[in-house]
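**Student:** Provided herewith is a single structure, encoded as structure tokens, for subsequent inquiry.
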Amino acid sequence: MSRLAYFDCAATTRPAPEVLDAMRTVQEETWGNASSAHGFGQAARRLVEDARAKVAALIGARPEEIMFTSGATESNNTVFQSIAPALKGRGRRIVTTAIEHPSVLESVQWLESQGWSVARAGVDGAALVDPAAIDRLLGDGAALVSVMLANNEVGTIEPVAAIAALAHTHGAAVHTDATQAVGRIPVDVTALGVDYLSLSGHKLHGPKGVGALFVRRGAKVSPLLHGGEQEGGRRSGTLNVPGIVGLGAAAALAARDLAGRAVRIAHLRDALEQGLMARIPNVILNGHPTRRLPSHANLSVSFVEGESMMMGLDLAGVAVSTGSACSSGSLEPSHVLTAMGCDAGRAHASLRLSVGYDNTEEDVARALETMPAVVERLRKMSPTWADYKKKQAVAAAPQG
Ligand SMILES: *Cc1c(COP(=O)(O)O)cnc(C)c1O
């Protein structure tokens, strides 16, 4: 039997071979502490600065605007726990959205517990945020606006540049969680006009446990982690040199062929999405049909539980997820689908298939072969599906 098909690139991606090679070499040969003044340290320091330049280049930033972290969760927590309080001269109020990643949602909730007021913009049925809604919420003032660049569950790409321009006219600083977008679509901090941007290594075929926070030159910064003053005092802790080098290698690979990758990913995603819709009746797309990352397909397979589908597919060697990996295991319907106005049935019936450039046509074929049978078996056990089929038969019966 062929290899397993992995369609969960929104949860994590396979590290590229070049990334693994670079990291292995560092572990073996350049294991010095990048803060040490001797040769061992300086060799490591050079690799860190080379990686910083590569990450900066991928998002159109200057190297000194990149601060390495342990991942996007830390980048986001730094923004809300440390930077936002340092901005408080501009009012203890945040404007954000209802569809952010848990690392933003929960951080914002923490700020609320500290006495901040939070305004959360809703979204339309395609998970799109309306800049006019953000503008209205900004009427009461805000220190910080945070809107994700692309949603992790449905892939909708948000109008962050328009929102940032509005926020700046109100004197608010702007953060975007670009973790799903970086490496999949062009991301340019100047075009976006944001002050802070979070990204993560393992979402772009780099290693886990490393990420970055872009901090625009001149923007307020305050450390979350205090200690040895690494990263110019902005983030203490001995630098994760192998991780940083791996992230740099992943960024350089992404920058080299961003457009080619996007075309390939979209081609495979479309074949998967259209193939499933052609083979399985009553499948609905969640998210925006066009204003969407090339990687994401979020589908509701009516009358079937997403969790059961995911398990059935896993047994057949096809890895997908329901909603976001971070909330799977919980029985709550996805907060993103709920904000989009999906009822509980549609939300529970949702499946997220997310494609990487390393997927193949065979992977797609395997999913297309497997999924109709899994769905048919589950629908046979579903009383709501039986009711639906009965009603359909009545409606179709000749009248009179
Ligand atoms: C994965 C993800 C994160 C968390 O990134 P980690 O590096 O795993 O902490 C944050 N935001 C979004 C949108 C994500 O997809």
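Within each chain, counting starts at residue 1; across the structure tokens, chains are named A, B, ... in the order shown, with ligands numbered 1 upward in that order.
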For stretch 169-172 of chain A, find every residue with an atom within 8 Å (counting only C-alpha atoms), except residues of its own chain fewer than 5 positions away, and show them as a list in words.
**Tutor:** Arg90, Leu138, Gly139, Gly141, Ala142, Ala143, Leu144 and Val145 of chain A
**Student:** Output N, CA, C and O atoms for every residue in that selection, as a PDB file, in the first residue's frame.
**Tutor:**
```
ATOM      1  N   ARG A  90      -2.414  54.962  25.553  1.00  0.00           N
ATOM      2  CA  ARG A  90      -3.438  55.208  24.545  1.00  0.00           C
ATOM      3  C   ARG A  90      -4.777  54.546  24.897  1.00  0.00           C
ATOM      4  O   ARG A  90      -5.607  54.333  24.032  1.00  0.00           O
ATOM      5  N   LEU A 138     -13.462  51.275  16.565  1.00  0.00           N
ATOM      6  CA  LEU A 138     -12.344  52.172  16.872  1.00  0.00           C
ATOM      7  C   LEU A 138     -12.834  53.541  17.314  1.00  0.00           C
ATOM      8  O   LEU A 138     -12.061  54.321  17.880  1.00  0.00           O
ATOM      9  N   GLY A 139     -14.104  53.818  17.057  1.00  0.00           N
ATOM     10  CA  GLY A 139     -14.667  55.112  17.449  1.00  0.00           C
ATOM     11  C   GLY A 139     -14.488  55.398  18.923  1.00  0.00           C
ATOM     12  O   GLY A 139     -14.320  56.553  19.323  1.00  0.00           O
ATOM     13  N   GLY A 141     -11.943  54.508  20.631  1.00  0.00           N
ATOM     14  CA  GLY A 141     -10.512  54.515  20.928  1.00  0.00           C
ATOM     15  C   GLY A 141      -9.998  53.116  21.210  1.00  0.00           C
ATOM     16  O   GLY A 141     -10.760  52.218  21.577  1.00  0.00           O
ATOM     17  N   ALA A 142      -8.708  52.907  20.986  1.00  0.00           N
ATOM     18  CA  ALA A 142      -8.076  51.617  21.280  1.00  0.00           C
ATOM     19  C   ALA A 142      -6.572  51.802  21.289  1.00  0.00           C
ATOM     20  O   ALA A 142      -6.035  52.650  20.571  1.00  0.00           O
ATOM     21  N   ALA A 143      -5.891  50.991  22.127  1.00  0.00           N
ATOM     22  CA  ALA A 143      -4.432  50.995  22.127  1.00  0.00           C
ATOM     23  C   ALA A 143      -3.929  50.106  21.001  1.00  0.00           C
ATOM     24  O   ALA A 143      -2.910  50.382  20.379  1.00  0.00           O
ATOM     25  N   LEU A 144      -4.671  49.031  20.741  1.00  0.00           N
ATOM     26  CA  LEU A 144      -4.178  48.008  19.825  1.00  0.00           C
ATOM     27  C   LEU A 144      -5.332  47.378  19.060  1.00  0.00           C
ATOM     28  O   LEU A 144      -6.392  47.124  19.625  1.00  0.00           O
ATOM     29  N   VAL A 145      -5.086  47.140  17.783  1.00  0.00           N
ATOM     30  CA  VAL A 145      -6.016  46.377  16.948  1.00  0.00           C
ATOM     31  C   VAL A 145      -5.292  45.107  16.538  1.00  0.00           C
ATOM     32  O   VAL A 145      -4.135  45.161  16.122  1.00  0.00           O
TER      33      VAL A 145
END
```
**Student:** Find the residues near ligand 1. Use a cut-off of 10 Å, count only C-alpha atoms and all ligand atoms, and write them as a PDB file with N, CA, C and O atoms, in the first residue's frame.
**Tutor:**
```pdb
ATOM      1  N   CYS A   9      -1.931  20.253   6.902  1.00  0.00           N
ATOM      2  CA  CYS A   9      -0.816  21.217   6.899  1.00  0.00           C
ATOM      3  C   CYS A   9      -1.129  22.499   7.667  1.00  0.00           C
ATOM      4  O   CYS A   9      -0.219  23.286   7.934  1.00  0.00           O
ATOM      5  N   ALA A  10      -2.395  22.711   8.022  1.00  0.00           N
ATOM      6  CA  ALA A  10      -2.704  23.872   8.856  1.00  0.00           C
ATOM      7  C   ALA A  10      -2.316  23.601  10.308  1.00  0.00           C
ATOM      8  O   ALA A  10      -2.110  24.532  11.089  1.00  0.00           O
ATOM      9  N   ALA A  11      -2.230  22.318  10.677  1.00  0.00           N
ATOM     10  CA  ALA A  11      -1.833  21.962  12.049  1.00  0.00           C
ATOM     11  C   ALA A  11      -0.315  21.956  12.179  1.00  0.00           C
ATOM     12  O   ALA A  11       0.250  22.499  13.126  1.00  0.00           O
ATOM     13  N   THR A  12       0.325  21.321  11.217  1.00  0.00           N
ATOM     14  CA  THR A  12       1.787  21.401  11.121  1.00  0.00           C
ATOM     15  C   THR A  12       2.205  20.857   9.763  1.00  0.00           C
ATOM     16  O   THR A  12       1.410  20.184   9.095  1.00  0.00           O
ATOM     17  N   THR A  69      11.304  33.888  18.690  1.00  0.00           N
ATOM     18  CA  THR A  69      10.533  33.421  19.847  1.00  0.00           C
ATOM     19  C   THR A  69      10.441  31.893  19.773  1.00  0.00           C
ATOM     20  O   THR A  69      10.999  31.274  18.867  1.00  0.00           O
ATOM     21  N   SER A  70       9.659  31.318  20.668  1.00  0.00           N
ATOM     22  CA  SER A  70       9.480  29.852  20.649  1.00  0.00           C
ATOM     23  C   SER A  70       8.314  29.444  19.764  1.00  0.00           C
ATOM     24  O   SER A  70       7.940  28.274  19.736  1.00  0.00           O
ATOM     25  N   GLY A  71       7.714  30.403  19.058  1.00  0.00           N
ATOM     26  CA  GLY A  71       6.593  30.063  18.176  1.00  0.00           C
ATOM     27  C   GLY A  71       5.570  31.183  18.177  1.00  0.00           C
ATOM     28  O   GLY A  71       5.724  32.193  18.882  1.00  0.00           O
ATOM     29  N   ALA A  72       4.524  30.986  17.394  1.00  0.00           N
ATOM     30  CA  ALA A  72       3.522  32.051  17.279  1.00  0.00           C
ATOM     31  C   ALA A  72       2.739  32.247  18.572  1.00  0.00           C
ATOM     32  O   ALA A  72       2.294  33.355  18.873  1.00  0.00           O
ATOM     33  N   THR A  73       2.593  31.190  19.359  1.00  0.00           N
ATOM     34  CA  THR A  73       1.899  31.353  20.645  1.00  0.00           C
ATOM     35  C   THR A  73       2.663  32.351  21.511  1.00  0.00           C
ATOM     36  O   THR A  73       2.070  33.264  22.093  1.00  0.00           O
ATOM     37  N   GLU A  74       3.982  32.203  21.572  1.00  0.00           N
ATOM     38  CA  GLU A  74       4.772  33.163  22.365  1.00  0.00           C
ATOM     39  C   GLU A  74       4.738  34.553  21.736  1.00  0.00           C
ATOM     40  O   GLU A  74       4.634  35.559  22.440  1.00  0.00           O
ATOM     41  N   SER A  75       4.836  34.620  20.404  1.00  0.00           N
ATOM     42  CA  SER A  75       4.790  35.936  19.745  1.00  0.00           C
ATOM     43  C   SER A  75       3.487  36.648  20.108  1.00  0.00           C
ATOM     44  O   SER A  75       3.489  37.832  20.465  1.00  0.00           O
ATOM     45  N   ASN A  76       2.372  35.916  20.014  1.00  0.00           N
ATOM     46  CA  ASN A  76       1.080  36.527  20.331  1.00  0.00           C
ATOM     47  C   ASN A  76       0.992  36.907  21.801  1.00  0.00           C
ATOM     48  O   ASN A  76       0.509  37.998  22.143  1.00  0.00           O
ATOM     49  N   ASN A  77       1.455  36.026  22.686  1.00  0.00           N
ATOM     50  CA  ASN A  77       1.417  36.351  24.118  1.00  0.00           C
ATOM     51  C   ASN A  77       2.281  37.564  24.450  1.00  0.00           C
ATOM     52  O   ASN A  77       1.944  38.348  25.329  1.00  0.00           O
ATOM     53  N   ILE A  99     -12.778  35.486  15.474  1.00  0.00           N
ATOM     54  CA  ILE A  99     -12.306  34.255  14.824  1.00  0.00           C
ATOM     55  C   ILE A  99     -10.799  34.035  14.983  1.00  0.00           C
ATOM     56  O   ILE A  99     -10.198  33.269  14.241  1.00  0.00           O
ATOM     57  N   GLU A 100     -10.194  34.710  15.964  1.00  0.00           N
ATOM     58  CA  GLU A 100      -8.739  34.593  16.129  1.00  0.00           C
ATOM     59  C   GLU A 100      -8.363  33.196  16.637  1.00  0.00           C
ATOM     60  O   GLU A 100      -9.186  32.461  17.180  1.00  0.00           O
ATOM     61  N   HIS A 101      -7.080  32.881  16.490  1.00  0.00           N
ATOM     62  CA  HIS A 101      -6.513  31.641  17.027  1.00  0.00           C
ATOM     63  C   HIS A 101      -6.606  31.682  18.559  1.00  0.00           C
ATOM     64  O   HIS A 101      -6.532  32.762  19.151  1.00  0.00           O
ATOM     65  N   PRO A 102      -6.741  30.509  19.209  1.00  0.00           N
ATOM     66  CA  PRO A 102      -6.826  30.492  20.679  1.00  0.00           C
ATOM     67  C   PRO A 102      -5.692  31.258  21.375  1.00  0.00           C
ATOM     68  O   PRO A 102      -5.918  31.842  22.435  1.00  0.00           O
ATOM     69  N   SER A 103      -4.494  31.283  20.791  1.00  0.00           N
ATOM     70  CA  SER A 103      -3.392  31.990  21.462  1.00  0.00           C
ATOM     71  C   SER A 103      -3.610  33.496  21.475  1.00  0.00           C
ATOM     72  O   SER A 103      -3.022  34.205  22.296  1.00  0.00           O
ATOM     73  N   VAL A 104      -4.477  34.002  20.591  1.00  0.00           N
ATOM     74  CA  VAL A 104      -4.873  35.414  20.652  1.00  0.00           C
ATOM     75  C   VAL A 104      -6.130  35.548  21.517  1.00  0.00           C
ATOM     76  O   VAL A 104      -6.173  36.372  22.435  1.00  0.00           O
ATOM     77  N   MET A 148      -6.206  38.667  12.458  1.00  0.00           N
ATOM     78  CA  MET A 148      -5.355  37.673  11.813  1.00  0.00           C
ATOM     79  C   MET A 148      -5.328  37.870  10.300  1.00  0.00           C
ATOM     80  O   MET A 148      -6.301  38.349   9.716  1.00  0.00           O
ATOM     81  N   LEU A 149      -4.211  37.495   9.674  1.00  0.00           N
ATOM     82  CA  LEU A 149      -4.107  37.686   8.221  1.00  0.00           C
ATOM     83  C   LEU A 149      -4.882  36.610   7.473  1.00  0.00           C
ATOM     84  O   LEU A 149      -5.539  36.899   6.469  1.00  0.00           O
ATOM     85  N   ALA A 150      -4.821  35.372   7.957  1.00  0.00           N
ATOM     86  CA  ALA A 150      -5.605  34.304   7.331  1.00  0.00           C
ATOM     87  C   ALA A 150      -6.059  33.361   8.422  1.00  0.00           C
ATOM     88  O   ALA A 150      -5.283  33.028   9.324  1.00  0.00           O
ATOM     89  N   ASN A 151      -7.311  32.974   8.333  1.00  0.00           N
ATOM     90  CA  ASN A 151      -7.873  32.131   9.390  1.00  0.00           C
ATOM     91  C   ASN A 151      -7.374  30.692   9.290  1.00  0.00           C
ATOM     92  O   ASN A 151      -7.336  30.110   8.199  1.00  0.00           O
ATOM     93  N   ASN A 152      -7.046  30.107  10.435  1.00  0.00           N
ATOM     94  CA  ASN A 152      -6.483  28.758  10.437  1.00  0.00           C
ATOM     95  C   ASN A 152      -7.519  27.671  10.145  1.00  0.00           C
ATOM     96  O   ASN A 152      -7.175  26.608   9.659  1.00  0.00           O
ATOM     97  N   GLU A 153      -8.778  27.922  10.408  1.00  0.00           N
ATOM     98  CA  GLU A 153      -9.780  26.865  10.201  1.00  0.00           C
ATOM     99  C   GLU A 153     -10.335  26.860   8.781  1.00  0.00           C
ATOM    100  O   GLU A 153     -10.511  25.806   8.185  1.00  0.00           O
ATOM    101  N   GLY A 155      -9.325  29.413   6.261  1.00  0.00           N
ATOM    102  CA  GLY A 155      -8.377  29.960   5.297  1.00  0.00           C
ATOM    103  C   GLY A 155      -8.720  31.329   4.735  1.00  0.00           C
ATOM    104  O   GLY A 155      -7.969  31.862   3.902  1.00  0.00           O
ATOM    105  N   THR A 176      -0.938  41.639  13.540  1.00  0.00           N
ATOM    106  CA  THR A 176      -1.611  40.579  12.804  1.00  0.00           C
ATOM    107  C   THR A 176      -0.927  39.248  13.085  1.00  0.00           C
ATOM    108  O   THR A 176       0.311  39.164  13.122  1.00  0.00           O
ATOM    109  N   ASP A 177      -1.739  38.225  13.306  1.00  0.00           N
ATOM    110  CA  ASP A 177      -1.239  36.862  13.416  1.00  0.00           C
ATOM    111  C   ASP A 177      -1.234  36.301  11.993  1.00  0.00           C
ATOM    112  O   ASP A 177      -2.273  35.976  11.444  1.00  0.00           O
ATOM    113  N   ALA A 178      -0.035  36.237  11.414  1.00  0.00           N
ATOM    114  CA  ALA A 178       0.094  35.829  10.006  1.00  0.00           C
ATOM    115  C   ALA A 178       0.595  34.392   9.895  1.00  0.00           C
ATOM    116  O   ALA A 178       1.092  33.979   8.845  1.00  0.00           O
ATOM    117  N   THR A 179       0.448  33.631  10.964  1.00  0.00           N
ATOM    118  CA  THR A 179       1.036  32.289  11.036  1.00  0.00           C
ATOM    119  C   THR A 179       0.619  31.373   9.889  1.00  0.00           C
ATOM    120  O   THR A 179       1.423  30.598   9.383  1.00  0.00           O
ATOM    121  N   GLN A 180      -0.660  31.443   9.487  1.00  0.00           N
ATOM    122  CA  GLN A 180      -1.115  30.557   8.404  1.00  0.00           C
ATOM    123  C   GLN A 180      -0.740  31.100   7.027  1.00  0.00           C
ATOM    124  O   GLN A 180      -0.687  30.345   6.059  1.00  0.00           O
ATOM    125  N   ALA A 181      -0.520  32.397   6.937  1.00  0.00           N
ATOM    126  CA  ALA A 181      -0.317  33.032   5.632  1.00  0.00           C
ATOM    127  C   ALA A 181       1.140  32.978   5.178  1.00  0.00           C
ATOM    128  O   ALA A 181       1.422  32.761   3.992  1.00  0.00           O
ATOM    129  N   SER A 198       3.051  38.100  13.826  1.00  0.00           N
ATOM    130  CA  SER A 198       3.501  36.819  14.398  1.00  0.00           C
ATOM    131  C   SER A 198       3.597  35.764  13.308  1.00  0.00           C
ATOM    132  O   SER A 198       2.737  35.707  12.423  1.00  0.00           O
ATOM    133  N   LEU A 199       4.637  34.911  13.402  1.00  0.00           N
ATOM    134  CA  LEU A 199       4.757  33.771  12.487  1.00  0.00           C
ATOM    135  C   LEU A 199       5.403  32.599  13.222  1.00  0.00           C
ATOM    136  O   LEU A 199       5.975  32.767  14.299  1.00  0.00           O
ATOM    137  N   SER A 200       5.287  31.421  12.623  1.00  0.00           N
ATOM    138  CA  SER A 200       5.775  30.206  13.273  1.00  0.00           C
ATOM    139  C   SER A 200       6.505  29.301  12.286  1.00  0.00           C
ATOM    140  O   SER A 200       6.070  29.139  11.145  1.00  0.00           O
ATOM    141  N   GLY A 201       7.611  28.695  12.727  1.00  0.00           N
ATOM    142  CA  GLY A 201       8.420  27.842  11.857  1.00  0.00           C
ATOM    143  C   GLY A 201       7.696  26.615  11.330  1.00  0.00           C
ATOM    144  O   GLY A 201       7.754  26.311  10.140  1.00  0.00           O
ATOM    145  N   HIS A 202       6.978  25.919  12.209  1.00  0.00           N
ATOM    146  CA  HIS A 202       6.455  24.601  11.797  1.00  0.00           C
ATOM    147  C   HIS A 202       5.255  24.692  10.865  1.00  0.00           C
ATOM    148  O   HIS A 202       4.819  23.682  10.333  1.00  0.00           O
ATOM    149  N   LYS A 203       4.725  25.900  10.631  1.00  0.00           N
ATOM    150  CA  LYS A 203       3.628  26.033   9.682  1.00  0.00           C
ATOM    151  C   LYS A 203       4.165  26.280   8.261  1.00  0.00           C
ATOM    152  O   LYS A 203       3.396  26.342   7.322  1.00  0.00           O
ATOM    153  N   PRO A 207      11.054  23.910  11.633  1.00  0.00           N
ATOM    154  CA  PRO A 207      10.938  23.120  12.868  1.00  0.00           C
ATOM    155  C   PRO A 207       9.883  23.666  13.837  1.00  0.00           C
ATOM    156  O   PRO A 207       9.471  24.822  13.732  1.00  0.00           O
ATOM    157  N   LYS A 208       9.470  22.821  14.768  1.00  0.00           N
ATOM    158  CA  LYS A 208       8.577  23.240  15.845  1.00  0.00           C
ATOM    159  C   LYS A 208       9.363  23.943  16.938  1.00  0.00           C
ATOM    160  O   LYS A 208      10.572  23.741  17.072  1.00  0.00           O
ATOM    161  N   GLY A 209       8.673  24.767  17.710  1.00  0.00           N
ATOM    162  CA  GLY A 209       9.324  25.407  18.854  1.00  0.00           C
ATOM    163  C   GLY A 209      10.143  26.622  18.485  1.00  0.00           C
ATOM    164  O   GLY A 209      10.993  27.063  19.265  1.00  0.00           O
ATOM    165  N   VAL A 210       9.915  27.169  17.312  1.00  0.00           N
ATOM    166  CA  VAL A 210      10.598  28.419  16.944  1.00  0.00           C
ATOM    167  C   VAL A 210       9.663  29.247  16.074  1.00  0.00           C
ATOM    168  O   VAL A 210       8.889  28.721  15.282  1.00  0.00           O
ATOM    169  N   GLY A 211       9.706  30.538  16.293  1.00  0.00           N
ATOM    170  CA  GLY A 211       8.877  31.454  15.516  1.00  0.00           C
ATOM    171  C   GLY A 211       9.476  32.834  15.595  1.00  0.00           C
ATOM    172  O   GLY A 211      10.642  32.989  16.013  1.00  0.00           O
ATOM    173  N   ALA A 212       8.730  33.822  15.183  1.00  0.00           N
ATOM    174  CA  ALA A 212       9.263  35.175  15.219  1.00  0.00           C
ATOM    175  C   ALA A 212       8.141  36.172  15.448  1.00  0.00           C
ATOM    176  O   ALA A 212       6.968  35.885  15.193  1.00  0.00           O
ATOM    177  N   SER A 324     -10.124  23.224  14.351  1.00  0.00           N
ATOM    178  CA  SER A 324      -8.692  23.403  14.533  1.00  0.00           C
ATOM    179  C   SER A 324      -8.188  22.346  15.501  1.00  0.00           C
ATOM    180  O   SER A 324      -8.898  21.939  16.412  1.00  0.00           O
ATOM    181  N   ALA A 325      -6.951  21.906  15.270  1.00  0.00           N
ATOM    182  CA  ALA A 325      -6.376  20.851  16.097  1.00  0.00           C
ATOM    183  C   ALA A 325      -6.377  21.242  17.564  1.00  0.00           C
ATOM    184  O   ALA A 325      -6.538  20.400  18.433  1.00  0.00           O
ATOM    185  N   CYS A 326      -6.216  22.553  17.808  1.00  0.00           N
ATOM    186  CA  CYS A 326      -6.118  23.026  19.188  1.00  0.00           C
ATOM    187  C   CYS A 326      -7.402  22.780  19.956  1.00  0.00           C
ATOM    188  O   CYS A 326      -7.392  22.658  21.165  1.00  0.00           O
TER     189      CYS A 326
END
```
**Student:** So which one's closest to A:Gly228, A:Ser36, A:Met67, A:Arg264, A:Arg291? Using only C-alpha atoms, please.
**Tutor:**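 Using only C-alpha atoms, A:Gly228 sits closest to A:Ser36.
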**Student:** Determine, for each residue of stretch 153-209 of chain A having at least one atom at most 12 Å from an atom of stretch 108-123 of chain A, the closest pair of atoms and their separation in Å to one decimal, counting only C-alpha atoms; order by chain and ascending number, as a Markdown table.
**Tutor:**
```
| residue | atom | partner | partner_atom | distance |
| --- | --- | --- | --- | --- |
| A:Thr156 | CA | A:Val123 | CA | 10.6 |
| A:Ile157 | CA | A:Val123 | CA | 12.0 |
| A:Glu158 | CA | A:Val123 | CA | 10.1 |
| A:Pro159 | CA | A:Val123 | CA | 11.9 |
| A:Ile163 | CA | A:Ala121 | CA | 11.7 |
```
**Student:** Could you work out how far atom CA of A:Met309 lies from atom CA of A:Ala373, giving the answer in Å with one decimal?
**Tutor:**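 Calculated distance between atom CA of A:Ala373 and atom CA of A:Met309 is 10.3 Å.
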**Student:** Would you list, as a ChimeraX atom specification, the residues of stretch 122-282 of chain A that end up in helix (DSSP H, G or I) under DSSP run on this structure's backbone?
**Tutor:** /A:131-138,160-169,189-192,201-204,231-233,241-256,258-279
**Student:** So which one's closest to A:Glu18, A:Ala254, A:Ala37, A:Pro85, A:Gly32? Using only C-alpha atoms, please.
**Tutor:**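 Going through A:Ala254, A:Ala37, A:Pro85, A:Gly32 one by one, the smallest distance to A:Glu18 is for A:Ala254.
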**Student:** Kindly indicate which residue among A:Val245, A:Met340, A:Ala5, A:Val215 lies nearest to A:Arg46, using only C-alpha atoms for the distances.
**Tutor:**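 For A:Arg46, the nearest of the candidates is A:Val245.
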**Student:** Excluding same-chain residues fewer than 6 positions from A:Ala349, what lies within 6 Å of it counting only C-alpha atoms, as an MDAnalysis selection string?
**Tutor:** chainID A and resid 300:302 304:306
**Student:** Can you pull out every residue within 7 Å of stretch 173-175 of chain A, counting only C-alpha atoms, but drop anything in the same chain fewer than 6 positions away, and send it as a list in words?
**Tutor:**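 Once the nearby chain positions are removed, what remains is Ala143, Leu144, Val145, Ser146, Val147, Ala164, Ala167, Val194, Asp195, Tyr196 and Leu197 of chain A.
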**Student:** Which is closer to A:Gly206 than all the others in A:Val375, A:Gln274, A:Ile83, A:Ala250, using only C-alpha atoms?
**Tutor:**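 Using only C-alpha atoms, A:Gly206 sits closest to A:Ala250.
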**Student:** Suppose you want the space between atom CA of A:Trp31 and atom CA of A:Leu204; what is it in Å?
**Tutor:**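 Between atom CA of A:Trp31 and atom CA of A:Leu204 the gap is 24.1 Å.
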**Student:** At a cut-off of 8 Å, using only C-alpha atoms, what residues contact A:Pro372? Leave out same-chain residues fewer than 2 positions from it and give the result as a list of chain:residue names.
**Tutor:**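 So the residues in contact are A:Leu276, A:Arg279, A:Ile280, A:Leu368, A:Glu369, A:Thr370, A:Val374, A:Val375, A:Glu376.
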**Student:** Could you write out the selected residues, including all heavy atoms, as a short mmCIF file (atom, residue, chain, number, x, y, z; two decimals), in the first residue's frame?
**Tutor:**
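New file part-v7.cif:
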```
data_model
loop_
_atom_site.label_atom_id
_atom_site.label_comp_id
_atom_site.auth_asym_id
_atom_site.auth_seq_id
_atom_site.Cartn_x
_atom_site.Cartn_y
_atom_site.Cartn_z
N LEU A 276 -14.29 15.71 -4.04
CA LEU A 276 -15.14 15.27 -2.93
C LEU A 276 -16.58 15.73 -3.15
O LEU A 276 -17.53 14.99 -2.91
CB LEU A 276 -14.60 15.79 -1.59
CG LEU A 276 -13.28 15.16 -1.13
CD1 LEU A 276 -12.77 15.84 0.13
CD2 LEU A 276 -13.46 13.66 -0.89
N ARG A 279 -18.27 13.57 -5.64
CA ARG A 279 -18.50 12.17 -5.25
C ARG A 279 -19.45 12.01 -4.07
O ARG A 279 -20.00 10.93 -3.85
CB ARG A 279 -17.15 11.51 -4.88
CG ARG A 279 -16.30 11.14 -6.07
CD ARG A 279 -14.88 10.78 -5.63
NE ARG A 279 -14.05 10.39 -6.75
CZ ARG A 279 -13.54 11.25 -7.64
NH1 ARG A 279 -13.80 12.55 -7.54
NH2 ARG A 279 -12.80 10.81 -8.64
N ILE A 280 -19.59 13.05 -3.26
CA ILE A 280 -20.41 12.93 -2.05
C ILE A 280 -21.52 13.99 -2.10
O ILE A 280 -21.22 15.18 -2.22
CB ILE A 280 -19.53 13.14 -0.77
CG1 ILE A 280 -18.33 12.19 -0.80
CG2 ILE A 280 -20.36 12.95 0.49
CD1 ILE A 280 -17.31 12.48 0.28
N LEU A 368 -9.89 10.73 -2.31
CA LEU A 368 -11.12 10.65 -3.12
C LEU A 368 -11.67 9.23 -3.15
O LEU A 368 -12.88 9.02 -3.24
CB LEU A 368 -10.86 11.15 -4.54
CG LEU A 368 -10.52 12.63 -4.69
CD1 LEU A 368 -10.39 13.03 -6.15
CD2 LEU A 368 -11.54 13.52 -3.98
N GLU A 369 -10.78 8.25 -3.07
CA GLU A 369 -11.22 6.85 -3.03
C GLU A 369 -11.84 6.50 -1.69
O GLU A 369 -12.81 5.76 -1.61
CB GLU A 369 -9.99 5.93 -3.16
CG GLU A 369 -9.71 5.38 -4.54
CD GLU A 369 -8.28 4.87 -4.60
OE1 GLU A 369 -7.80 4.25 -3.61
OE2 GLU A 369 -7.62 5.13 -5.63
N THR A 370 -11.22 7.02 -0.64
CA THR A 370 -11.55 6.60 0.72
C THR A 370 -12.79 7.28 1.27
O THR A 370 -13.63 6.65 1.90
CB THR A 370 -10.37 6.96 1.65
OG1 THR A 370 -9.18 6.52 1.02
CG2 THR A 370 -10.52 6.34 3.01
N VAL A 374 -16.37 6.12 3.61
CA VAL A 374 -16.43 6.47 5.04
C VAL A 374 -17.73 7.24 5.32
O VAL A 374 -18.45 6.95 6.28
CB VAL A 374 -15.19 7.31 5.45
CG1 VAL A 374 -15.36 7.88 6.85
CG2 VAL A 374 -13.92 6.47 5.36
N VAL A 375 -18.03 8.19 4.45
CA VAL A 375 -19.22 9.02 4.65
C VAL A 375 -20.49 8.17 4.50
O VAL A 375 -21.42 8.27 5.31
CB VAL A 375 -19.24 10.21 3.66
CG1 VAL A 375 -20.58 10.93 3.69
CG2 VAL A 375 -18.10 11.17 3.96
N GLU A 376 -20.50 7.29 3.50
CA GLU A 376 -21.69 6.47 3.28
C GLU A 376 -21.96 5.58 4.49
O GLU A 376 -23.10 5.45 4.95
CB GLU A 376 -21.50 5.63 2.02
CG GLU A 376 -22.83 5.14 1.45
CD GLU A 376 -22.64 4.25 0.24
OE1 GLU A 376 -21.91 4.65 -0.68
OE2 GLU A 376 -23.21 3.15 0.24
#
```
**Student:** Which residue is closest to A:Leu137? Choose from A:Leu192, A:Met310, A:Val263, A:Leu166 and count only C-alpha atoms.
**Tutor:**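 Among the listed residues, A:Leu166 lies closest to A:Leu137.
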**Student:** For atom CA of A:Ala44 and atom CA of A:Val241, determine how far apart the two atoms are, in Å to one decimal place.
**Tutor:**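 Interatomic distance, atom CA of A:Ala44 to atom CA of A:Val241: 6.8 Å.
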